[in-house]
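Structure below is run-v3.cif: mmCIF, C-alpha atoms.
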data_start
loop_
_atom_site.label_atom_id
_atom_site.label_comp_id
_atom_site.auth_asym_id
_atom_site.auth_seq_id
_atom_site.Cartn_x
_atom_site.Cartn_y
_atom_site.Cartn_z
CA MET E 327 0.00 0.00 0.00
CA SER E 328 1.13 3.57 -0.46
CA VAL E 329 1.71 5.06 2.95
CA PRO E 330 -0.02 8.36 3.71
CA PRO E 331 1.70 10.95 5.89
CA PRO E 332 0.55 11.02 9.52
CA ILE E 333 -1.95 13.65 10.63
CA ALA E 334 -1.44 13.54 14.39
CA MET E 335 1.42 13.08 16.81
CA LEU E 336 1.11 12.37 20.51
CA ALA E 337 4.16 13.65 22.34
CA GLU E 338 4.47 12.04 25.75
CA LEU E 339 6.66 14.72 27.22
CA THR E 340 7.08 12.93 30.54
CA HIS E 341 5.72 10.03 32.53
CA ARG E 342 5.80 12.09 35.74
CA CYS E 343 2.33 12.92 37.08
CA PRO E 344 0.90 14.00 40.41
CA LEU E 345 -2.09 11.73 39.79
CA ALA E 346 -2.04 7.94 39.93
CA CYS E 347 -5.10 6.93 37.89
CA PRO E 348 -5.47 3.15 37.85
CA TYR E 349 -6.16 3.16 34.07
CA CYS E 350 -3.14 5.26 33.09
CA SER E 351 -2.15 4.66 29.48
CA ASN E 352 1.55 4.93 30.28
CA PRO E 353 3.45 1.63 30.28
CA LEU E 354 3.99 -0.33 33.47
CA GLU E 355 7.67 0.49 33.20
CA LEU E 356 7.81 4.26 33.50
CA THR E 357 10.55 6.46 32.11
CA ARG E 358 12.59 8.41 34.65
CA LYS E 359 13.05 12.18 34.48
CA ASP E 360 16.75 11.91 33.68
CA SER E 361 15.96 9.92 30.52
CA GLU E 362 13.48 12.49 29.12
CA LEU E 363 14.24 14.33 25.89
CA ASP E 364 15.26 17.95 26.47
CA THR E 365 13.67 21.09 25.03
CA ALA E 366 15.88 21.27 21.96
CA ALA E 367 15.31 17.61 21.11
CA TRP E 368 11.53 18.03 21.27
CA ALA E 369 11.69 21.21 19.21
CA GLY E 370 13.59 19.29 16.53
CA ILE E 371 10.98 16.52 16.57
CA PHE E 372 8.16 19.06 16.19
CA ARG E 373 9.82 20.50 13.08
CA GLN E 374 10.42 17.03 11.65
CA ALA E 375 6.80 16.15 12.34
CA ALA E 376 5.51 19.24 10.53
CA ASP E 377 7.79 18.47 7.56
CA LEU E 378 6.41 14.92 7.54
CA GLY E 379 2.80 16.16 7.33
CA VAL E 380 1.66 16.13 10.95
CA LEU E 381 -0.97 18.84 11.51
CA GLN E 382 -2.17 18.11 15.04
CA LEU E 383 0.19 17.85 17.99
CA HIS E 384 -1.03 16.52 21.32
CA LEU E 385 1.22 17.37 24.24
CA SER E 386 0.60 14.68 26.78
CA GLY E 387 2.29 12.71 29.53
CA GLY E 388 2.10 11.76 32.38
CA GLU E 389 1.21 15.32 33.24
CA PRO E 390 2.82 17.65 30.69
CA ALA E 391 2.64 20.54 33.17
CA THR E 392 5.35 18.82 35.23
CA ARG E 393 7.73 19.85 32.42
CA ARG E 394 9.17 23.21 33.43
CA ASP E 395 9.80 24.04 29.76
CA LEU E 396 6.16 23.48 28.72
CA THR E 397 5.62 27.08 27.56
CA GLU E 398 8.79 26.96 25.50
CA LEU E 399 7.70 23.65 23.95
CA VAL E 400 4.33 25.14 22.97
CA ALA E 401 6.06 28.11 21.36
CA GLU E 402 8.35 25.73 19.43
CA ALA E 403 5.38 23.64 18.28
CA ARG E 404 3.50 26.69 17.03
CA ALA E 405 6.64 28.00 15.31
CA ALA E 406 6.84 24.64 13.52
CA GLY E 407 3.29 25.23 12.26
CA LEU E 408 1.50 22.61 14.36
CA TYR E 409 -1.98 22.87 15.88
CA THR E 410 -1.06 22.48 19.52
CA ASN E 411 -3.26 20.74 22.05
CA LEU E 412 -2.45 20.28 25.74
CA ILE E 413 -3.78 17.13 27.39
CA THR E 414 -3.72 17.78 31.12
CA SER E 415 -5.25 17.01 34.50
CA GLY E 416 -4.90 20.72 35.25
CA ILE E 417 -2.61 20.09 38.21
CA GLY E 418 0.36 22.42 38.00
CA LEU E 419 -1.37 25.06 35.87
CA THR E 420 -1.61 28.43 37.60
CA GLU E 421 -3.16 31.54 36.08
CA LYS E 422 0.31 32.92 35.42
CA ARG E 423 1.34 29.74 33.63
CA LEU E 424 -1.88 29.55 31.60
CA ARG E 425 -1.37 33.16 30.48
CA ALA E 426 2.16 32.29 29.40
CA LEU E 427 0.82 29.31 27.43
CA ASP E 428 -1.73 31.63 25.84
CA ALA E 429 1.01 34.03 24.78
CA ALA E 430 3.01 31.09 23.40
CA GLY E 431 0.07 30.25 21.11
CA LEU E 432 -1.50 27.18 22.69
CA ASP E 433 -4.52 26.31 20.52
CA HIS E 434 -6.64 24.08 22.73
CA ILE E 435 -6.80 22.34 26.10
CA GLN E 436 -8.16 18.90 26.87
CA LEU E 437 -8.87 18.61 30.58
CA SER E 438 -9.30 15.17 32.12
CA LEU E 439 -12.10 14.39 34.54
CA GLN E 440 -11.75 11.50 37.00
CA GLY E 441 -15.17 11.99 38.60
CA THR E 442 -17.84 14.63 39.00
CA ASP E 443 -17.30 15.23 42.71
CA ALA E 444 -14.24 15.49 44.92
CA ALA E 445 -14.87 12.18 46.66
CA MET E 446 -14.84 10.21 43.40
CA ALA E 447 -12.27 12.26 41.46
CA ASP E 448 -9.70 12.44 44.25
CA ARG E 449 -10.02 8.76 45.04
CA ILE E 450 -9.64 7.64 41.42
CA GLY E 451 -6.83 10.12 40.76
CA GLY E 452 -5.17 9.25 44.05
CA TYR E 453 -4.62 12.96 44.72
CA ARG E 454 -6.44 14.83 47.44
CA GLY E 455 -7.55 18.33 46.47
CA GLY E 456 -7.14 17.54 42.78
CA PHE E 457 -10.82 18.01 41.94
CA ASP E 458 -11.01 21.50 43.46
CA ARG E 459 -7.80 22.50 41.66
CA LYS E 460 -9.26 21.18 38.41
CA LEU E 461 -12.44 23.25 38.76
CA GLU E 462 -10.31 26.34 39.36
CA VAL E 463 -8.21 25.55 36.27
CA ALA E 464 -11.40 25.06 34.21
CA ARG E 465 -12.57 28.49 35.34
CA LEU E 466 -9.23 30.06 34.34
CA ILE E 467 -9.32 28.30 30.96
CA GLY E 468 -12.75 29.86 30.35
CA LYS E 469 -11.60 33.27 31.58
CA ILE E 470 -8.60 33.31 29.23
CA GLY E 471 -10.71 31.91 26.41
CA PHE E 472 -8.94 28.71 25.41
CA PRO E 473 -11.19 26.27 23.56
CA LEU E 474 -11.83 23.38 25.95
CA THR E 475 -12.56 19.68 25.65
CA LEU E 476 -13.50 17.83 28.79
CA ASN E 477 -12.26 14.24 28.78
CA ALA E 478 -14.36 12.13 31.13
CA VAL E 479 -12.78 8.75 31.71
CA LEU E 480 -15.46 6.28 32.73
CA HIS E 481 -15.53 2.82 34.24
CA ARG E 482 -17.68 0.76 36.56
CA GLN E 483 -17.02 2.97 39.59
CA ASN E 484 -18.06 6.27 37.99
CA LEU E 485 -20.22 5.50 34.93
CA HIS E 486 -23.31 6.58 36.87
CA GLN E 487 -21.80 10.09 36.88
CA LEU E 488 -21.91 10.42 33.07
CA PRO E 489 -25.02 12.67 32.96
CA ARG E 490 -23.42 15.06 35.46
CA ALA E 491 -20.12 15.01 33.52
CA ILE E 492 -22.00 16.16 30.41
CA GLU E 493 -23.67 18.93 32.42
CA MET E 494 -20.30 20.01 33.78
CA ALA E 495 -18.88 20.28 30.26
CA VAL E 496 -21.72 22.61 29.31
CA GLU E 497 -21.28 24.66 32.50
CA MET E 498 -17.54 24.99 31.85
CA GLY E 499 -18.24 26.26 28.33
CA ALA E 500 -16.48 23.29 26.73
CA ARG E 501 -17.17 22.80 23.03
CA ARG E 502 -16.51 19.07 23.24
CA ILE E 503 -16.62 16.24 25.70
CA GLU E 504 -14.89 12.96 25.17
CA VAL E 505 -16.83 10.25 26.89
CA ALA E 506 -14.05 7.72 27.12
CA THR E 507 -14.84 4.34 28.57
CA VAL E 508 -11.62 2.86 29.91
CA GLN E 509 -9.71 0.74 27.40
CA PHE E 510 -7.91 -2.13 29.01
CA HIS E 511 -4.18 -1.82 28.38
CA GLY E 512 -1.27 -1.38 30.74
CA TRP E 513 -2.39 -0.24 34.19
CA ALA E 514 -6.06 -0.69 33.34
CA LEU E 515 -5.45 -4.32 32.41
CA LYS E 516 -4.29 -4.85 36.00
CA ASN E 517 -7.53 -3.28 37.23
CA ARG E 518 -10.15 -5.05 35.16
CA GLU E 519 -11.94 -6.45 38.19
CA ALA E 520 -12.28 -3.00 39.70
CA LEU E 521 -13.01 -1.03 36.53
CA MET E 522 -14.89 -3.24 34.06
CA PRO E 523 -18.34 -1.75 33.44
CA THR E 524 -21.35 -4.02 33.55
CA ARG E 525 -23.22 -4.63 30.32
CA ALA E 526 -26.17 -2.70 31.77
CA GLN E 527 -23.92 0.28 32.49
CA ALA E 528 -22.52 0.16 28.96
CA ARG E 529 -26.01 0.18 27.45
CA ALA E 530 -27.14 2.98 29.78
CA ALA E 531 -24.15 5.04 28.64
CA ASP E 532 -25.11 4.44 24.98
CA ALA E 533 -28.58 5.82 25.75
CA THR E 534 -27.28 8.80 27.75
CA VAL E 535 -24.93 9.76 24.93
CA ALA E 536 -27.61 9.42 22.24
CA GLU E 537 -30.05 11.56 24.23
CA ALA E 538 -27.44 14.22 25.05
CA ARG E 539 -26.20 14.40 21.44
CA ALA E 540 -29.71 15.20 20.23
CA ARG E 541 -30.44 17.67 23.03
CA LEU E 542 -27.08 19.48 22.84
CA LYS E 543 -26.66 19.64 19.08
CA GLY E 544 -24.66 22.75 18.22
CA VAL E 545 -23.85 23.32 21.91
CA LEU E 546 -21.62 20.42 22.86
CA VAL E 547 -20.01 17.86 20.59
CA ILE E 548 -19.85 14.42 22.19
CA ASP E 549 -17.17 11.98 21.12
CA TYR E 550 -17.82 8.58 22.56
CA VAL E 551 -15.47 5.66 23.10
CA ARG E 552 -17.70 2.70 24.01
CA ALA E 553 -16.97 -0.11 26.43
CA ASP E 554 -15.57 -2.35 23.77
CA TYR E 555 -15.53 -5.65 25.70
CA HIS E 556 -19.32 -5.32 25.52
CA SER E 557 -19.40 -4.52 21.79
CA ASP E 558 -19.83 -6.78 18.78
CA TYR E 559 -17.25 -5.18 16.51
CA PRO E 560 -13.86 -3.80 17.47
CA LYS E 561 -12.81 -0.17 17.32
CA ARG E 562 -10.83 1.21 14.39
CA CYS E 563 -7.75 1.50 16.52
CA MET E 564 -5.49 4.50 15.79
CA GLY E 565 -7.46 5.06 12.57
CA GLY E 566 -5.53 2.09 11.20
CA TRP E 567 -2.04 1.08 12.32
CA GLY E 568 0.66 3.34 10.88
CA THR E 569 -1.68 5.38 8.71
CA THR E 570 -2.93 8.30 10.82
CA GLY E 571 -0.88 8.93 13.90
CA LEU E 572 2.26 8.21 15.88
CA ASN E 573 3.43 8.47 19.48
CA VAL E 574 6.76 9.60 20.80
CA THR E 575 7.70 8.44 24.31
CA PRO E 576 9.50 10.66 26.86
CA GLU E 577 12.85 9.21 25.82
CA GLY E 578 12.21 9.46 22.08
CA THR E 579 11.00 6.01 21.08
CA VAL E 580 8.51 6.24 18.22
CA LEU E 581 5.45 4.01 18.52
CA PRO E 582 2.47 3.24 16.24
CA CYS E 583 0.26 3.50 19.37
CA HIS E 584 0.83 4.07 23.06
CA ALA E 585 0.51 0.40 23.98
CA ALA E 586 2.56 -1.02 21.09
CA GLN E 587 5.43 -1.97 23.38
CA THR E 588 3.22 -4.69 24.86
CA ILE E 589 3.61 -6.63 21.59
CA PRO E 590 6.68 -8.86 21.86
CA GLY E 591 9.03 -9.00 18.91
CA LEU E 592 8.31 -5.54 17.52
CA VAL E 593 11.40 -3.41 17.05
CA PHE E 594 11.00 0.29 17.75
CA ASP E 595 13.20 3.10 16.50
CA SER E 596 14.23 6.19 18.41
CA VAL E 597 14.35 9.73 17.10
CA ARG E 598 17.75 9.86 18.74
CA ASP E 599 19.02 7.45 16.05
CA ARG E 600 16.83 7.89 12.97
CA PRO E 601 14.89 10.70 11.26
CA LEU E 602 11.18 10.69 12.04
CA ALA E 603 10.19 10.40 8.36
CA GLU E 604 12.37 7.33 7.90
CA ILE E 605 10.82 5.74 11.00
CA TRP E 606 7.30 6.43 9.72
CA TYR E 607 7.85 5.20 6.17
CA GLU E 608 10.41 2.43 6.74
CA GLY E 609 10.35 1.49 10.43
CA ALA E 610 9.71 -2.19 11.10
CA ALA E 611 7.13 -1.62 13.85
CA PHE E 612 5.06 0.67 11.61
CA ALA E 613 5.20 -1.76 8.69
CA ALA E 614 4.23 -4.75 10.85
CA TYR E 615 0.44 -4.22 10.92
CA ARG E 616 -0.08 -1.47 8.37
CA GLY E 617 -2.79 -2.08 5.79
CA THR E 618 -4.28 -5.57 5.40
CA ASP E 619 -1.45 -7.82 4.15
CA TRP E 620 -0.67 -9.11 7.65
CA MET E 621 -4.21 -10.35 8.18
CA ARG E 622 -5.36 -13.94 8.52
CA GLU E 623 -8.89 -15.29 8.76
CA PRO E 624 -11.40 -14.19 9.90
CA CYS E 625 -9.97 -10.72 9.06
CA ALA E 626 -8.47 -11.38 5.61
CA GLY E 627 -11.81 -12.24 3.99
CA CYS E 628 -13.95 -9.89 6.08
CA GLU E 629 -16.02 -7.13 4.50
CA ARG E 630 -15.13 -4.89 7.45
CA LYS E 631 -11.37 -5.30 7.09
CA THR E 632 -10.80 -1.73 5.94
CA VAL E 633 -13.47 -0.40 8.31
CA ASP E 634 -11.81 -1.45 11.55
CA PHE E 635 -8.54 -3.04 10.32
CA GLY E 636 -9.13 -6.04 12.57
CA GLY E 637 -9.40 -3.86 15.68
CA CYS E 638 -6.66 -3.34 18.21
CA ARG E 639 -3.38 -5.26 17.81
CA CYS E 640 -2.42 -4.76 21.43
CA GLN E 641 -5.76 -6.14 22.57
CA ALA E 642 -5.36 -9.16 20.26
CA MET E 643 -2.00 -9.73 21.95
CA ALA E 644 -3.36 -9.26 25.47
CA LEU E 645 -6.48 -11.37 25.05
CA ALA E 646 -5.70 -13.91 22.32
CA GLY E 647 -1.95 -14.09 22.86
CA ASP E 648 -1.39 -13.27 19.19
CA PRO E 649 -1.02 -9.75 17.76
CA ALA E 650 -2.08 -10.88 14.26
CA ALA E 651 -5.34 -12.43 15.47
CA ALA E 652 -8.70 -10.69 15.11
CA ASP E 653 -9.41 -8.42 18.07
CA PRO E 654 -11.38 -10.74 20.41
CA VAL E 655 -14.00 -8.01 20.76
CA CYS E 656 -15.17 -9.03 17.26
CA ILE E 657 -18.05 -11.48 17.04
CA LYS E 658 -16.09 -13.31 14.33
CA SER E 659 -13.19 -14.02 16.69
CA PRO E 660 -13.10 -17.56 18.12
CA HIS E 661 -12.28 -15.86 21.45
CA HIS E 662 -15.33 -13.57 21.41
CA ALA E 663 -17.67 -15.69 23.54
CA ALA E 664 -14.97 -16.35 26.12
CA LEU E 665 -14.16 -12.63 26.25
CA GLN E 666 -17.76 -11.67 26.85
CA ALA E 667 -17.97 -14.23 29.64
CA ARG E 668 -14.78 -12.86 31.18
CA ALA E 669 -16.04 -9.29 30.85
CA GLU E 670 -19.17 -10.31 32.72
CA ALA E 671 -17.07 -12.00 35.39
CA PHE E 672 -14.84 -8.96 35.79
CA ALA E 673 -17.85 -6.67 35.91
CA THR E 674 -19.45 -8.62 38.73
CA ALA E 675 -16.23 -9.34 40.64
CA GLU E 676 -16.63 -9.00 44.40
CA ALA E 677 -13.05 -7.95 44.98
CA SER E 678 -12.62 -4.49 43.53
CA GLU E 679 -9.36 -3.36 45.09
CA ILE E 680 -7.79 -0.66 42.97
CA LEU E 681 -4.13 -0.77 42.05
CA TRP E 682 -3.04 2.84 41.51
CA ARG E 683 -0.36 3.73 39.03
CA ALA E 684 3.18 4.00 40.38
CA ALA E 685 5.08 7.28 40.48
CA ALA E 686 7.66 7.91 37.74
CA GLY E 687 11.14 8.50 39.14
CA MET P 509 -29.75 27.47 10.34
CA ILE P 510 -27.83 30.60 9.36
CA GLY P 511 -29.97 33.59 8.52
CA PRO P 512 -29.06 36.39 6.07
CA GLU P 513 -28.24 38.87 8.87
CA ASP P 514 -26.14 36.42 10.90
CA ILE P 515 -22.43 37.08 11.07
CA PRO P 516 -20.41 33.85 10.90
CA VAL P 517 -17.22 33.82 12.94
CA LEU P 518 -14.43 31.27 13.19
CA PRO P 519 -14.00 30.93 16.96
CA ARG P 520 -10.69 30.82 18.70
CA GLY P 521 -8.93 27.53 18.05
CA VAL P 522 -10.36 27.08 14.55
CA ARG P 523 -8.21 28.25 11.68
CA LEU P 524 -7.45 27.81 8.01
CA HIS P 525 -4.11 26.24 7.33
CA ARG P 526 -2.24 25.55 4.13
CA ASP P 527 -1.21 21.90 4.06
CA ARG P 528 2.23 22.16 2.51
CA VAL P 529 2.82 18.39 2.53
CA ARG P 530 -0.44 17.14 0.96
CA GLY P 531 -1.26 20.35 -0.88
CA GLY P 532 -4.49 22.28 -0.51
CA TRP P 533 -6.07 23.76 2.59
CA VAL P 534 -7.46 22.33 5.80
CA LEU P 535 -9.54 23.69 8.63
CA LEU P 536 -7.79 22.97 11.91
CA ALA P 537 -10.03 22.66 14.96
CA PRO P 538 -9.69 21.10 18.40
CA GLU P 539 -8.41 17.56 17.76
CA ARG P 540 -10.00 17.58 14.31
CA THR P 541 -8.78 18.32 10.80
CA LEU P 542 -11.16 18.97 7.95
CA ALA P 543 -9.76 18.80 4.41
CA LEU P 544 -11.29 21.61 2.35
CA ASP P 545 -12.14 21.60 -1.32
CA GLU P 546 -11.92 24.82 -3.34
CA THR P 547 -15.53 25.73 -2.56
CA GLY P 548 -15.13 25.20 1.17
CA ARG P 549 -11.98 27.24 1.24
CA ALA P 550 -13.55 30.04 -0.78
CA ILE P 551 -16.47 30.27 1.64
CA LEU P 552 -14.31 30.23 4.75
CA ALA P 553 -11.88 32.76 3.29
CA GLU P 554 -14.76 35.26 3.14
CA ILE P 555 -15.51 34.98 6.85
CA ASP P 556 -14.07 38.05 8.52
CA GLY P 557 -16.22 38.35 11.61
CA ILE P 558 -17.69 41.59 10.25
CA ARG P 559 -19.83 40.82 7.22
CA SER P 560 -23.20 39.08 7.36
CA PHE P 561 -23.99 35.80 5.68
CA ALA P 562 -25.99 37.67 3.00
CA ALA P 563 -23.01 39.92 2.23
CA ILE P 564 -20.70 36.92 2.00
CA ALA P 565 -23.06 35.06 -0.34
CA ALA P 566 -23.31 38.15 -2.54
CA ALA P 567 -19.51 38.50 -2.67
CA LEU P 568 -19.10 34.84 -3.61
CA ALA P 569 -21.80 35.12 -6.28
CA ALA P 570 -19.99 38.10 -7.81
CA THR P 571 -16.55 36.44 -7.66
CA TYR P 572 -17.70 33.16 -9.19
CA ASP P 573 -20.33 34.65 -11.46
CA ALA P 574 -22.98 32.28 -10.05
CA PRO P 575 -26.61 32.77 -8.96
CA GLU P 576 -26.70 34.14 -5.43
CA ALA P 577 -29.54 31.82 -4.34
CA ALA P 578 -27.55 28.71 -5.31
CA ILE P 579 -24.43 30.00 -3.57
CA ALA P 580 -26.43 30.86 -0.44
CA ALA P 581 -28.01 27.40 -0.32
CA ASP P 582 -24.65 25.61 -0.71
CA SER P 583 -22.93 27.83 1.83
CA GLN P 584 -25.77 27.44 4.28
CA GLY P 585 -25.42 23.66 4.23
CA PHE P 586 -21.66 23.77 4.56
CA LEU P 587 -21.63 26.35 7.37
CA GLY P 588 -24.53 24.64 9.13
CA ALA P 589 -22.48 21.44 9.38
CA LEU P 590 -19.59 23.46 10.83
CA LEU P 591 -21.95 25.06 13.36
CA ASP P 592 -23.13 21.64 14.52
CA ARG P 593 -19.54 20.57 15.04
CA ARG P 594 -18.72 23.79 16.95
CA PHE P 595 -16.18 24.83 14.29
CA LEU P 596 -18.17 27.99 13.65
CA GLU P 597 -20.10 30.54 15.70
CA ILE P 598 -22.76 33.08 14.86
CA ARG P 599 -22.94 36.69 15.93
CA ARG P 600 -26.33 38.30 15.61
#
Can you present the structure in this file as structure tokens?
Amino acid sequence: MSVPPPIAMLAELTHRCPLACPYCSNPLELTRKDSELDTAAWAGIFRQAADLGVLQLHLSGGEPATRRDLTELVAEARAAGLYTNLITSGIGLTEKRLRALDAAGLDHIQLSLQGTDAAMADRIGGYRGGFDRKLEVARLIGKIGFPLTLNAVLHRQNLHQLPRAIEMAVEMGARRIEVATVQFHGWALKNREALMPTRAQARAADATVAEARARLKGVLVIDYVRADYHSDYPKRCMGGWGTTGLNVTPEGTVLPCHAAQTIPGLVFDSVRDRPLAEIWYEGAAFAAYRGTDWMREPCAGCERKTVDFGGCRCQAMALAGDPAAADPVCIKSPHHAALQARAEAFATAEASEILWRAAAG
Amino acid sequence: MIGPEDIPVLPRGVRLHRDRVRGGWVLLAPERTLALDETGRAILAEIDGIRSFAAIAAALAATYDAPEAAIAADSQGFLGALLDRRFLEIRR
């Protein structure tokens, strides 16, 4: 296949974070501060990304605000010509800092929401006082005028708060809300018994979203990531492996998706060793599951193969033990029935001890 | 639905951008990129936050030597979709 240039890049500036969410998308092995790329290295990557065709840059982490050079990084990204989005919990953003980010040209802020009250949010985030800080940051974001997306991460323990989360987005003046049901990779995979939604919760969320979309048309855009263990077809992961976006880790490793390192045998390149364009177009990890040539049955002959590209490779690895298998979420997967049974078992598990994410050194 | 007196405005965080790698123009918005065809770009390029929708439709009709009613109908559909996605705002 001819390889299109990537549209989006997720820059994981750091794995450090004051929060300890039990579904963190960072890997179990966290990068230490002394291994992080410095300001100049990131600036170089931003310019390479723009030259490669990236239009949207997501500055993420960990918590990107733990980087003391965040304002400088935003200015570098804008100078490179990238649409610059900050993905943050809000912790570490003062009014002074937000005004500096504004002056540096930050385009948009995505603020995470761990719960709709302090009791829930601070427990899930593992950070007391975090919810009140977040509300203050949301107010400052509105005051300065940044466009805002609220990112509500939902699971069994807080899915009942979805209607209130949608209300909060409207009250904050957000243009978008991402209703993101937890996807089970990394830390979340360790917490399936505590976080797996029930099927009834998943269906209630479908109904809440459908109702809110109709009622709030033109007011609030709702992007919805469903509870996929309870779905019949898998998600179109990453818009198709190696076709839409790429991730760069704090130390400069370039990944087709944030969980790709859970697939054994894949070889990843670093921007410290190789130009970004070469990694995108020629890197082994990007080539591995790009397009449809790697597929076997039931994917190879499936009419949906270019709709969802067989779903998520990391999930196929985690659940079927084979990264080239169909995502077991799919009803055509031989593992589908077993997965649904396991999802039900997780969702009704008595023991729901949460394992919080570790701190990055 | 955009009325003739409404003034369309691209809100903060939504901007036209020349895509120097793929060629052509895109509309960049929060976490979304919309590839624009010539018509879409021509309509958005007229939005200055000052002129009304009727004035913009008239300007486009003159530039492209096309019937104003047809231009207005096309633009209304296009801008209406942007309104729904919060890529556009209206000042009345």
Skip segment 575-581 of chain P itself and residues of its chain fewer than 5 positions away, then list as an MDAnalysis selection string all residues within 12 Å of it, counting all atoms listed in the file. chainID P and resid 509:512 547:548 550:551 560:570 586:588
Per residue of chain P within 12 Å of chain E, what are the shortest atom pair and its distance in Å to one decimal, counting only C-alpha atoms, with rows by chain and residue number, as JSON lines?
{"residue": "P:Met509", "atom": "CA", "partner": "E:Gly544", "partner_atom": "CA", "distance": 10.5}
{"residue": "P:Leu518", "atom": "CA", "partner": "E:Pro473", "partner_atom": "CA", "distance": 12.0}
{"residue": "P:Pro519", "atom": "CA", "partner": "E:Pro473", "partner_atom": "CA", "distance": 8.6}
{"residue": "P:Arg520", "atom": "CA", "partner": "E:Pro473", "partner_atom": "CA", "distance": 6.7}
{"residue": "P:Gly521", "atom": "CA", "partner": "E:Asp433", "partner_atom": "CA", "distance": 5.2}
{"residue": "P:Val522", "atom": "CA", "partner": "E:Asp433", "partner_atom": "CA", "distance": 8.4}
{"residue": "P:Arg523", "atom": "CA", "partner": "E:Tyr409", "partner_atom": "CA", "distance": 9.2}
{"residue": "P:Leu524", "atom": "CA", "partner": "E:Tyr409", "partner_atom": "CA", "distance": 10.8}
{"residue": "P:His525", "atom": "CA", "partner": "E:Gly407", "partner_atom": "CA", "distance": 8.9}
{"residue": "P:Arg526", "atom": "CA", "partner": "E:Gly407", "partner_atom": "CA", "distance": 9.8}
{"residue": "P:Asp527", "atom": "CA", "partner": "E:Gly379", "partner_atom": "CA", "distance": 7.7}
{"residue": "P:Arg528", "atom": "CA", "partner": "E:Gly379", "partner_atom": "CA", "distance": 7.7}
{"residue": "P:Val529", "atom": "CA", "partner": "E:Gly379", "partner_atom": "CA", "distance": 5.3}
{"residue": "P:Arg530", "atom": "CA", "partner": "E:Gly379", "partner_atom": "CA", "distance": 7.2}
{"residue": "P:Gly531", "atom": "CA", "partner": "E:Gly379", "partner_atom": "CA", "distance": 10.1}
{"residue": "P:Trp533", "atom": "CA", "partner": "E:Leu381", "partner_atom": "CA", "distance": 11.4}
{"residue": "P:Val534", "atom": "CA", "partner": "E:Leu381", "partner_atom": "CA", "distance": 9.3}
{"residue": "P:Leu535", "atom": "CA", "partner": "E:Leu381", "partner_atom": "CA", "distance": 10.3}
{"residue": "P:Leu536", "atom": "CA", "partner": "E:Tyr409", "partner_atom": "CA", "distance": 7.0}
{"residue": "P:Ala537", "atom": "CA", "partner": "E:Tyr409", "partner_atom": "CA", "distance": 8.1}
{"residue": "P:Pro538", "atom": "CA", "partner": "E:His434", "partner_atom": "CA", "distance": 6.1}
{"residue": "P:Glu539", "atom": "CA", "partner": "E:Gln382", "partner_atom": "CA", "distance": 6.8}
{"residue": "P:Arg540", "atom": "CA", "partner": "E:Gln382", "partner_atom": "CA", "distance": 7.9}
{"residue": "P:Thr541", "atom": "CA", "partner": "E:Gln382", "partner_atom": "CA", "distance": 7.9}
{"residue": "P:Leu542", "atom": "CA", "partner": "E:Leu381", "partner_atom": "CA", "distance": 10.8}
{"residue": "P:Ala543", "atom": "CA", "partner": "E:Ile333", "partner_atom": "CA", "distance": 11.2}
{"residue": "P:Leu587", "atom": "CA", "partner": "E:Gly544", "partner_atom": "CA", "distance": 11.8}
{"residue": "P:Gly588", "atom": "CA", "partner": "E:Gly544", "partner_atom": "CA", "distance": 9.3}
{"residue": "P:Ala589", "atom": "CA", "partner": "E:Gly544", "partner_atom": "CA", "distance": 9.2}
{"residue": "P:Leu590", "atom": "CA", "partner": "E:Gly544", "partner_atom": "CA", "distance": 9.0}
{"residue": "P:Leu591", "atom": "CA", "partner": "E:Gly544", "partner_atom": "CA", "distance": 6.0}
{"residue": "P:Asp592", "atom": "CA", "partner": "E:Gly544", "partner_atom": "CA", "distance": 4.2}
{"residue": "P:Arg593", "atom": "CA", "partner": "E:Val547", "partner_atom": "CA", "distance": 6.2}
{"residue": "P:Arg594", "atom": "CA", "partner": "E:Gly544", "partner_atom": "CA", "distance": 6.2}
{"residue": "P:Phe595", "atom": "CA", "partner": "E:Arg501", "partner_atom": "CA", "distance": 9.0}
{"residue": "P:Leu596", "atom": "CA", "partner": "E:Gly544", "partner_atom": "CA", "distance": 9.5}
{"residue": "P:Glu597", "atom": "CA", "partner": "E:Gly544", "partner_atom": "CA", "distance": 9.4}
{"residue": "P:Ile598", "atom": "CA", "partner": "E:Gly544", "partner_atom": "CA", "distance": 11.0}
List as a list of chain:residue names the protein and nucleic acid residues near Thr524 of chain E, meaning an atom at most 7 Å away when all atoms listed in the file are counted, but skip any in the same chain fewer than 4 places from it.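 So the residues in contact are E:Arg482, E:Ala528, E:Glu670, E:Ala673.
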Can you turn the PyMOL selection byres ((chain P and resi 600) around 9) into a concrete residue list for this file, as a PyMOL selection string? chain P and resi 513-516+560+598-599
Check what the PyMOL selection byres ((chain E and resi 453-464) around 10) selects in the file above and give those residues as a count of residues only. 43
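Atom CA of Ala391 of chain E lies 26.5 Å from atom CA of Lys516 of chain E.
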Hey, what comes out of the PyMOL selection byres ((chain E and resi 653-669) around 10) on this file? Could you write it as a PyMOL selection string? chain E and resi 518-519+522-525+554-561+623-625+628+634-646+648-652+670-675
Can you tell me how far atom CA of Glu504 of chain E sits from atom CA of Asn477 of chain E, in Å to one decimal?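 If I compute the distance from atom CA of Glu504 of chain E to atom CA of Asn477 of chain E, I get 4.6 Å.
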Please tell me which residues are no farther than 12 Å from (15.9, 11.4, 13.2) in the file, counting all atoms listed in the file, and write them as a PyMOL selection string. chain E and resi 367-368+370-375+378+578-580+595-606+609
